[in-house]
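A.B. asks: This is the structure I want to talk about, given as structure tokens.
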Amino acid sequence: MSAVPSLRLMGVLGGMGPAATLDFLAKVLAANPVQADQDHVPMIIYNVPQIPDRVAPIFAGTDEPLDAMQQGMASLQGAGVAGIAIACVTAHHWYERLAQNCSVPVLHIADATAQALHARASAKRLALLATRGTCRSGFFSRRLAVQGFEIVVPDEDVQIYIDQAIAAIKRADHASATIAAEAAGAALEAQSLTDLLLACTELPMAFAATRYHARCLDSTLALAEACVAFSRSDHQR
């Protein structure tokens with residue numbers, strides 16, 4: 001019999017991209033101690049890849065993906081979820097507006113990452129590996145800075161490798177993603193930046209087969225752990 005008397009239904013705003021959403025779901029399953037099917041976190045997944053690109057609008061100062069993301073949030077709320085996780089880091093640029101129009105709590109991936117960093121006694125100085133949109137927005141760096149972490153944004157040469165790794169995962173080219181991730185890790189190591197914060201949901205897949213994997217803090221995993229904790233908790237908003 002299950003040792004968990006009740007689990008709160010979680011919603012996942014996904015599709016940005018689909019492989020990253022599946023990777024997040026696998027990590028939710030792995031993060032939850034279970035004895036039977038009934039012990040797993042119940043989830044409703046909004047996996048719609050047609051949500052517009054997030055990076056270009058951040059640079060342009062526009063909101064092209066916001067309406068589509070709000071539609072997804074409304075669908076999840078209509079399904080009766082108790083909380084929502086957004087399986088895309090860059091989408092958190094619009095977190096405040098998404099959360100303020102939502103009737104249930106919305107987990108923030110940067111806050112979940114800060115909790116994981118504290119819990120694991122991780123290094124205080126980390127390289128931020130993310131999309132250009134996340135780096136430009138600055139929300140990840142700001143939220144971790146107030147928690148006492150120094151976040152270093154990579155230079156252009158490294159960012160090109162990160163862009164390549166993300167793009168390769170999105171087109172299901174894992175071999176090219178690994179090559180680009182290895183190059184990024186080597187360049188950062190040469191700059192004495194050995195602790196890597198993977199702040200894009202594609203990057204854990206890119207770095208999985210690299211020699212730098214053990215030096216990475218996976219923000220996707222941190223969000224998955226926060227999702228499990230929320231579902232299993234008795235907290236009410």
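Order determines the names: the first chain of the structure tokens is A, the second B, and so forth; residues in each chain are numbered 1 upward, and ligands are numbered 1 upward as they are shown.
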Can you tell me, as a VMD selection string, which residues in stretch 52-136 of chain A count as alpha helix (DSSP H) by DSSP?

C.D. replies: chain A and resid 55 to 60 66 to 78 95 to 100 109 to 119 132 to 136

A.B. asks: Show me a table, sorted first by chain and then by increasing residue number, of the residues of stretch 120-229 of chain A having an atom at most 8 Å from stretch 54-75 of chain A, each with its shortest atom pair and the distance in Å to one decimal, counting only C-alpha atoms and written as JSON lines.

C.D. replies:
{"residue": "A:Thr131", "atom": "CA", "partner": "A:Val55", "partner_atom": "CA", "distance": 7.2}
{"residue": "A:Arg132", "atom": "CA", "partner": "A:Val55", "partner_atom": "CA", "distance": 6.7}
{"residue": "A:Gly133", "atom": "CA", "partner": "A:Val55", "partner_atom": "CA", "distance": 4.4}
{"residue": "A:Thr134", "atom": "CA", "partner": "A:Val55", "partner_atom": "CA", "distance": 7.6}
{"residue": "A:Arg136", "atom": "CA", "partner": "A:Phe59", "partner_atom": "CA", "distance": 7.3}
{"residue": "A:Ser137", "atom": "CA", "partner": "A:Ile58", "partner_atom": "CA", "distance": 6.9}

A.B. asks: I'd like to know which residues of chain A are strand (DSSP E) (by DSSP, run on the backbone); could you write them as a list of chain:residue names?

C.D. replies: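 Filtering chain A down to strand (DSSP E) leaves A:Met10, A:Gly11, A:Val12, A:Leu13, A:Gly14, A:Met43, A:Ile44, A:Ile45, A:Tyr46, A:Asn47, A:Gly83, A:Ile84, A:Ala85, A:Ile86, A:Arg125, A:Leu126, A:Ala127, A:Leu128, A:Leu129, A:Glu150, A:Ile151, A:Val152, A:Leu196, A:Leu197, A:Leu198, A:Cys216, A:Leu217, A:Asp218.
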
A.B. asks: With N, CA, C and O atoms retained, export the selected residues as an mmCIF file, in the first residue's frame.

C.D. replies:
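Saved the output as again-v2.cif:
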data_model
loop_
_atom_site.group_PDB
_atom_site.id
_atom_site.type_symbol
_atom_site.label_atom_id
_atom_site.label_comp_id
_atom_site.auth_asym_id
_atom_site.auth_seq_id
_atom_site.Cartn_x
_atom_site.Cartn_y
_atom_site.Cartn_z
ATOM 1 N N MET A 10 -0.312 18.177 -10.110
ATOM 2 C CA MET A 10 0.583 19.197 -10.627
ATOM 3 C C MET A 10 0.322 19.427 -12.115
ATOM 4 O O MET A 10 0.028 18.496 -12.860
ATOM 5 N N GLY A 11 0.451 20.674 -12.532
ATOM 6 C CA GLY A 11 0.380 21.018 -13.940
ATOM 7 C C GLY A 11 1.761 21.366 -14.458
ATOM 8 O O GLY A 11 2.586 21.929 -13.726
ATOM 9 N N VAL A 12 2.042 21.023 -15.698
ATOM 10 C CA VAL A 12 3.326 21.332 -16.320
ATOM 11 C C VAL A 12 3.073 22.089 -17.610
ATOM 12 O O VAL A 12 2.433 21.573 -18.535
ATOM 13 N N LEU A 13 3.555 23.323 -17.677
ATOM 14 C CA LEU A 13 3.505 24.105 -18.907
ATOM 15 C C LEU A 13 4.746 23.757 -19.705
ATOM 16 O O LEU A 13 5.862 24.161 -19.357
ATOM 17 N N GLY A 14 4.565 22.944 -20.755
ATOM 18 C CA GLY A 14 5.706 22.418 -21.487
ATOM 19 C C GLY A 14 5.650 22.723 -22.971
ATOM 20 O O GLY A 14 5.014 23.674 -23.411
ATOM 21 N N MET A 43 0.088 14.303 -12.663
ATOM 22 C CA MET A 43 0.431 15.480 -13.450
ATOM 23 C C MET A 43 -0.469 15.609 -14.680
ATOM 24 O O MET A 43 -0.833 14.618 -15.302
ATOM 25 N N ILE A 44 -0.786 16.851 -15.002
ATOM 26 C CA ILE A 44 -1.426 17.197 -16.260
ATOM 27 C C ILE A 44 -0.396 17.978 -17.076
ATOM 28 O O ILE A 44 0.147 18.986 -16.606
ATOM 29 N N ILE A 45 -0.113 17.524 -18.305
ATOM 30 C CA ILE A 45 0.962 18.109 -19.096
ATOM 31 C C ILE A 45 0.375 18.884 -20.269
ATOM 32 O O ILE A 45 -0.407 18.350 -21.059
ATOM 33 N N TYR A 46 0.763 20.147 -20.373
ATOM 34 C CA TYR A 46 0.408 20.972 -21.532
ATOM 35 C C TYR A 46 1.646 21.041 -22.405
ATOM 36 O O TYR A 46 2.530 21.868 -22.192
ATOM 37 N N ASN A 47 1.724 20.155 -23.384
ATOM 38 C CA ASN A 47 2.929 20.001 -24.198
ATOM 39 C C ASN A 47 2.629 20.498 -25.607
ATOM 40 O O ASN A 47 2.340 19.722 -26.519
ATOM 41 N N GLY A 83 -0.917 23.214 -8.486
ATOM 42 C CA GLY A 83 0.283 24.022 -8.681
ATOM 43 C C GLY A 83 0.814 23.784 -10.074
ATOM 44 O O GLY A 83 0.456 22.792 -10.720
ATOM 45 N N ILE A 84 1.682 24.685 -10.545
ATOM 46 C CA ILE A 84 2.188 24.602 -11.924
ATOM 47 C C ILE A 84 3.704 24.781 -11.927
ATOM 48 O O ILE A 84 4.246 25.637 -11.222
ATOM 49 N N ALA A 85 4.375 23.962 -12.742
ATOM 50 C CA ALA A 85 5.798 24.115 -13.032
ATOM 51 C C ALA A 85 5.941 24.447 -14.511
ATOM 52 O O ALA A 85 5.223 23.884 -15.346
ATOM 53 N N ILE A 86 6.849 25.352 -14.831
ATOM 54 C CA ILE A 86 7.089 25.753 -16.215
ATOM 55 C C ILE A 86 8.381 25.080 -16.677
ATOM 56 O O ILE A 86 9.462 25.392 -16.177
ATOM 57 N N ARG A 125 30.228 30.235 -6.618
ATOM 58 C CA ARG A 125 30.504 30.935 -7.882
ATOM 59 C C ARG A 125 30.278 29.962 -9.023
ATOM 60 O O ARG A 125 30.944 28.929 -9.111
ATOM 61 N N LEU A 126 29.314 30.266 -9.883
ATOM 62 C CA LEU A 126 28.943 29.350 -10.941
ATOM 63 C C LEU A 126 28.822 30.075 -12.279
ATOM 64 O O LEU A 126 28.416 31.234 -12.324
ATOM 65 N N ALA A 127 29.149 29.362 -13.342
ATOM 66 C CA ALA A 127 28.927 29.880 -14.689
ATOM 67 C C ALA A 127 27.489 29.587 -15.086
ATOM 68 O O ALA A 127 27.000 28.472 -14.916
ATOM 69 N N LEU A 128 26.811 30.594 -15.606
ATOM 70 C CA LEU A 128 25.419 30.457 -16.021
ATOM 71 C C LEU A 128 25.368 30.012 -17.484
ATOM 72 O O LEU A 128 25.705 30.775 -18.391
ATOM 73 N N LEU A 129 24.936 28.794 -17.704
ATOM 74 C CA LEU A 129 24.794 28.274 -19.057
ATOM 75 C C LEU A 129 23.305 28.279 -19.391
ATOM 76 O O LEU A 129 22.521 27.531 -18.821
ATOM 77 N N GLU A 150 27.359 33.938 -6.650
ATOM 78 C CA GLU A 150 27.918 34.767 -7.703
ATOM 79 C C GLU A 150 27.731 34.042 -9.031
ATOM 80 O O GLU A 150 28.250 32.941 -9.229
ATOM 81 N N ILE A 151 26.986 34.645 -9.921
ATOM 82 C CA ILE A 151 26.675 34.027 -11.197
ATOM 83 C C ILE A 151 27.444 34.748 -12.297
ATOM 84 O O ILE A 151 27.316 35.958 -12.466
ATOM 85 N N VAL A 152 28.235 33.989 -13.036
ATOM 86 C CA VAL A 152 29.071 34.539 -14.096
ATOM 87 C C VAL A 152 28.460 34.190 -15.442
ATOM 88 O O VAL A 152 28.249 33.010 -15.760
ATOM 89 N N LEU A 196 29.255 24.539 -13.131
ATOM 90 C CA LEU A 196 28.399 24.930 -14.244
ATOM 91 C C LEU A 196 26.930 24.819 -13.848
ATOM 92 O O LEU A 196 26.465 23.743 -13.464
ATOM 93 N N LEU A 197 26.218 25.914 -13.981
ATOM 94 C CA LEU A 197 24.788 25.933 -13.700
ATOM 95 C C LEU A 197 24.040 25.790 -15.017
ATOM 96 O O LEU A 197 24.052 26.693 -15.855
ATOM 97 N N LEU A 198 23.398 24.657 -15.206
ATOM 98 C CA LEU A 198 22.651 24.400 -16.437
ATOM 99 C C LEU A 198 21.274 25.030 -16.306
ATOM 100 O O LEU A 198 20.351 24.441 -15.738
ATOM 101 N N CYS A 216 28.146 19.851 -12.944
ATOM 102 C CA CYS A 216 26.956 20.604 -13.332
ATOM 103 C C CYS A 216 25.887 20.573 -12.254
ATOM 104 O O CYS A 216 25.665 19.531 -11.606
ATOM 105 N N LEU A 217 25.229 21.691 -12.056
ATOM 106 C CA LEU A 217 24.012 21.755 -11.254
ATOM 107 C C LEU A 217 22.853 21.873 -12.236
ATOM 108 O O LEU A 217 22.775 22.831 -12.999
ATOM 109 N N ASP A 218 21.977 20.899 -12.214
ATOM 110 C CA ASP A 218 20.890 20.767 -13.182
ATOM 111 C C ASP A 218 19.639 21.473 -12.664
ATOM 112 O O ASP A 218 18.979 20.985 -11.745
#

A.B. asks: Quote the spacing between atom CA of A:Tyr95 and atom CA of A:Gly185 in Å to one decimal place.

C.D. replies: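 Between these atoms lies a distance of 29.2 Å.
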
A.B. asks: Applying 12 Å and only C-alpha atoms, which residues near A:Asp111 remain after dropping the ones on its own chain fewer than 2 positions away? List them as a VMD selection string.

C.D. replies: chain A and resid 85 89 92 95 106 to 109 113 to 118 139 to 147 199 219 to 220 222 to 223 225 to 227

A.B. asks: Could you write out the selected residues, including N, CA, C and O atoms, as a compact mmCIF listing (two decimals), in the first residue's frame?

C.D. replies:
# COMPACT_ATOMS: atom_id res chain seq x y z
N ALA A 85 4.37 23.96 -12.74
CA ALA A 85 5.80 24.12 -13.03
C ALA A 85 5.94 24.45 -14.51
O ALA A 85 5.22 23.88 -15.35
N VAL A 89 13.21 27.37 -18.98
CA VAL A 89 13.82 28.41 -18.16
C VAL A 89 13.53 29.80 -18.74
O VAL A 89 13.10 30.71 -18.03
N HIS A 92 10.48 31.89 -17.98
CA HIS A 92 10.35 32.55 -16.67
C HIS A 92 10.58 34.06 -16.76
O HIS A 92 10.34 34.77 -15.78
N TYR A 95 7.45 35.28 -15.83
CA TYR A 95 6.91 34.59 -14.66
C TYR A 95 5.92 35.46 -13.87
O TYR A 95 4.84 34.99 -13.49
N VAL A 106 2.69 28.99 -8.68
CA VAL A 106 3.55 28.65 -9.82
C VAL A 106 4.98 28.57 -9.31
O VAL A 106 5.51 29.55 -8.78
N LEU A 107 5.59 27.41 -9.42
CA LEU A 107 6.96 27.24 -8.95
C LEU A 107 7.92 28.03 -9.85
O LEU A 107 7.67 28.17 -11.05
N HIS A 108 8.98 28.53 -9.26
CA HIS A 108 9.99 29.26 -10.06
C HIS A 108 11.27 28.44 -10.09
O HIS A 108 11.81 28.06 -9.05
N ILE A 109 11.79 28.19 -11.28
CA ILE A 109 12.94 27.31 -11.43
C ILE A 109 14.20 27.89 -10.78
O ILE A 109 15.03 27.14 -10.26
N THR A 113 16.31 26.10 -7.85
CA THR A 113 17.75 25.90 -8.03
C THR A 113 18.53 26.43 -6.82
O THR A 113 19.47 25.78 -6.35
N ALA A 114 18.13 27.58 -6.30
CA ALA A 114 18.79 28.12 -5.11
C ALA A 114 18.66 27.16 -3.93
O ALA A 114 19.63 26.92 -3.19
N GLN A 115 17.48 26.59 -3.76
CA GLN A 115 17.27 25.62 -2.68
C GLN A 115 18.19 24.41 -2.86
O GLN A 115 18.78 23.91 -1.90
N ALA A 116 18.30 23.94 -4.10
CA ALA A 116 19.16 22.78 -4.36
C ALA A 116 20.63 23.11 -4.11
O ALA A 116 21.37 22.29 -3.56
N LEU A 117 21.06 24.30 -4.50
CA LEU A 117 22.43 24.71 -4.27
C LEU A 117 22.75 24.76 -2.78
O LEU A 117 23.81 24.30 -2.33
N HIS A 118 21.85 25.31 -1.99
CA HIS A 118 22.05 25.36 -0.54
C HIS A 118 22.07 23.95 0.06
O HIS A 118 22.92 23.63 0.89
N PHE A 139 16.89 37.40 -14.85
CA PHE A 139 16.11 36.97 -13.69
C PHE A 139 16.79 35.86 -12.90
O PHE A 139 16.73 35.84 -11.66
N PHE A 140 17.48 34.96 -13.60
CA PHE A 140 18.14 33.86 -12.90
C PHE A 140 19.27 34.39 -12.03
O PHE A 140 19.39 34.05 -10.85
N SER A 141 20.09 35.24 -12.62
CA SER A 141 21.22 35.80 -11.86
C SER A 141 20.74 36.61 -10.67
O SER A 141 21.32 36.52 -9.57
N ARG A 142 19.69 37.41 -10.85
CA ARG A 142 19.19 38.25 -9.75
C ARG A 142 18.68 37.39 -8.60
O ARG A 142 18.97 37.67 -7.42
N ARG A 143 17.91 36.38 -8.90
CA ARG A 143 17.33 35.56 -7.84
C ARG A 143 18.39 34.76 -7.09
O ARG A 143 18.26 34.56 -5.88
N LEU A 144 19.43 34.33 -7.78
CA LEU A 144 20.48 33.61 -7.08
C LEU A 144 21.43 34.55 -6.34
O LEU A 144 21.99 34.18 -5.30
N ALA A 145 21.59 35.76 -6.85
CA ALA A 145 22.46 36.72 -6.18
C ALA A 145 21.95 37.04 -4.78
O ALA A 145 22.75 37.16 -3.83
N VAL A 146 20.64 37.17 -4.63
CA VAL A 146 20.09 37.49 -3.30
C VAL A 146 20.22 36.31 -2.36
O VAL A 146 20.08 36.46 -1.14
N GLN A 147 20.51 35.13 -2.89
CA GLN A 147 20.73 33.94 -2.07
C GLN A 147 22.22 33.73 -1.78
O GLN A 147 22.61 32.72 -1.20
N ALA A 199 21.14 26.23 -16.84
CA ALA A 199 19.92 27.01 -16.68
C ALA A 199 19.14 27.09 -17.99
O ALA A 199 18.62 28.13 -18.38
N SER A 219 19.30 22.61 -13.26
CA SER A 219 18.12 23.34 -12.80
C SER A 219 16.83 22.57 -13.10
O SER A 219 15.84 22.71 -12.38
N THR A 220 16.82 21.75 -14.15
CA THR A 220 15.66 20.92 -14.44
C THR A 220 15.40 19.95 -13.30
O THR A 220 14.25 19.76 -12.87
N ALA A 222 16.38 20.34 -10.21
CA ALA A 222 15.96 21.12 -9.05
C ALA A 222 14.46 21.42 -9.11
O ALA A 222 13.75 21.33 -8.10
N LEU A 223 13.96 21.78 -10.29
CA LEU A 223 12.53 22.05 -10.44
C LEU A 223 11.71 20.77 -10.25
O LEU A 223 10.64 20.80 -9.64
N GLU A 225 12.50 18.24 -8.33
CA GLU A 225 12.47 17.97 -6.89
C GLU A 225 11.49 18.89 -6.18
O GLU A 225 10.77 18.47 -5.25
N ALA A 226 11.44 20.16 -6.59
CA ALA A 226 10.49 21.10 -6.00
C ALA A 226 9.05 20.70 -6.33
O ALA A 226 8.14 20.84 -5.50
N CYS A 227 8.84 20.18 -7.52
CA CYS A 227 7.51 19.73 -7.94
C CYS A 227 7.05 18.55 -7.07
O CYS A 227 5.91 18.53 -6.61

A.B. asks: Of the candidates A:Leu193, A:Leu221, A:Leu29, A:Cys200, which one gets nearest to A:Lys124 if we count only C-alpha atoms?

C.D. replies: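 Closest to A:Lys124, using only C-alpha atoms: A:Leu193.
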
A.B. asks: Which residue gives the smallest distance to A:Pro52 among A:Ser176, A:Thr90, A:Ser122, A:Ser6, with only C-alpha atoms counted?

C.D. replies: A:Thr90

A.B. asks: Using only C-alpha atoms, determine which residues lie at most 8 Å from A:Pro42, disregarding the query and same-chain residues fewer than 3 positions distant; provide the list as a PDB file with N, CA, C and O atoms, in the first residue's frame.

C.D. replies:
ATOM      1  N   LEU A   7      -1.716  13.083  -2.828  1.00  0.00           N
ATOM      2  CA  LEU A   7      -0.745  13.842  -3.601  1.00  0.00           C
ATOM      3  C   LEU A   7      -1.495  14.914  -4.383  1.00  0.00           C
ATOM      4  O   LEU A   7      -2.559  14.641  -4.948  1.00  0.00           O
ATOM      5  N   ARG A   8      -0.950  16.111  -4.394  1.00  0.00           N
ATOM      6  CA  ARG A   8      -1.616  17.191  -5.110  1.00  0.00           C
ATOM      7  C   ARG A   8      -1.307  17.126  -6.598  1.00  0.00           C
ATOM      8  O   ARG A   8      -0.175  16.859  -7.001  1.00  0.00           O
ATOM      9  N   LEU A   9      -2.319  17.364  -7.393  1.00  0.00           N
ATOM     10  CA  LEU A   9      -2.204  17.314  -8.845  1.00  0.00           C
ATOM     11  C   LEU A   9      -1.368  18.487  -9.343  1.00  0.00           C
ATOM     12  O   LEU A   9      -1.674  19.646  -9.062  1.00  0.00           O
ATOM     13  N   MET A  10      -0.312  18.177 -10.110  1.00  0.00           N
ATOM     14  CA  MET A  10       0.583  19.197 -10.627  1.00  0.00           C
ATOM     15  C   MET A  10       0.322  19.427 -12.115  1.00  0.00           C
ATOM     16  O   MET A  10       0.028  18.496 -12.860  1.00  0.00           O
TER      17      MET A  10
END

A.B. asks: Residues at most 9 Å from A:Ile179, counting only C-alpha atoms, excluding those fewer than 3 positions away in the same chain, as a list in words?

C.D. replies: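 After dropping sequence-adjacent residues, the list is Tyr161, Ala165, His174, Ala175, Ser176, Glu182, Ala183, Ala184, Ala206 and Thr210 of chain A.
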
A.B. asks: At what distance in Å, to one decimal, does atom CA of A:Asp23 lie from atom CA of A:Leu98?

C.D. replies: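 Taking atom CA of A:Leu98 and atom CA of A:Asp23, their separation equals 22.8 Å.
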
A.B. asks: Between A:Gly78, A:Ala119, A:Ala181, A:Asp39, single out the one closest to A:Val104, counting only C-alpha atoms.

C.D. replies: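 Comparing A:Gly78, A:Ala119, A:Ala181, A:Asp39 against A:Val104, the winner is A:Gly78.
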
A.B. asks: So how far away is atom CA of A:Val158 from atom CA of A:Ala224, in Å?

C.D. replies: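 Computed distance, atom CA of A:Ala224 to atom CA of A:Val158, equals 27.2 Å.
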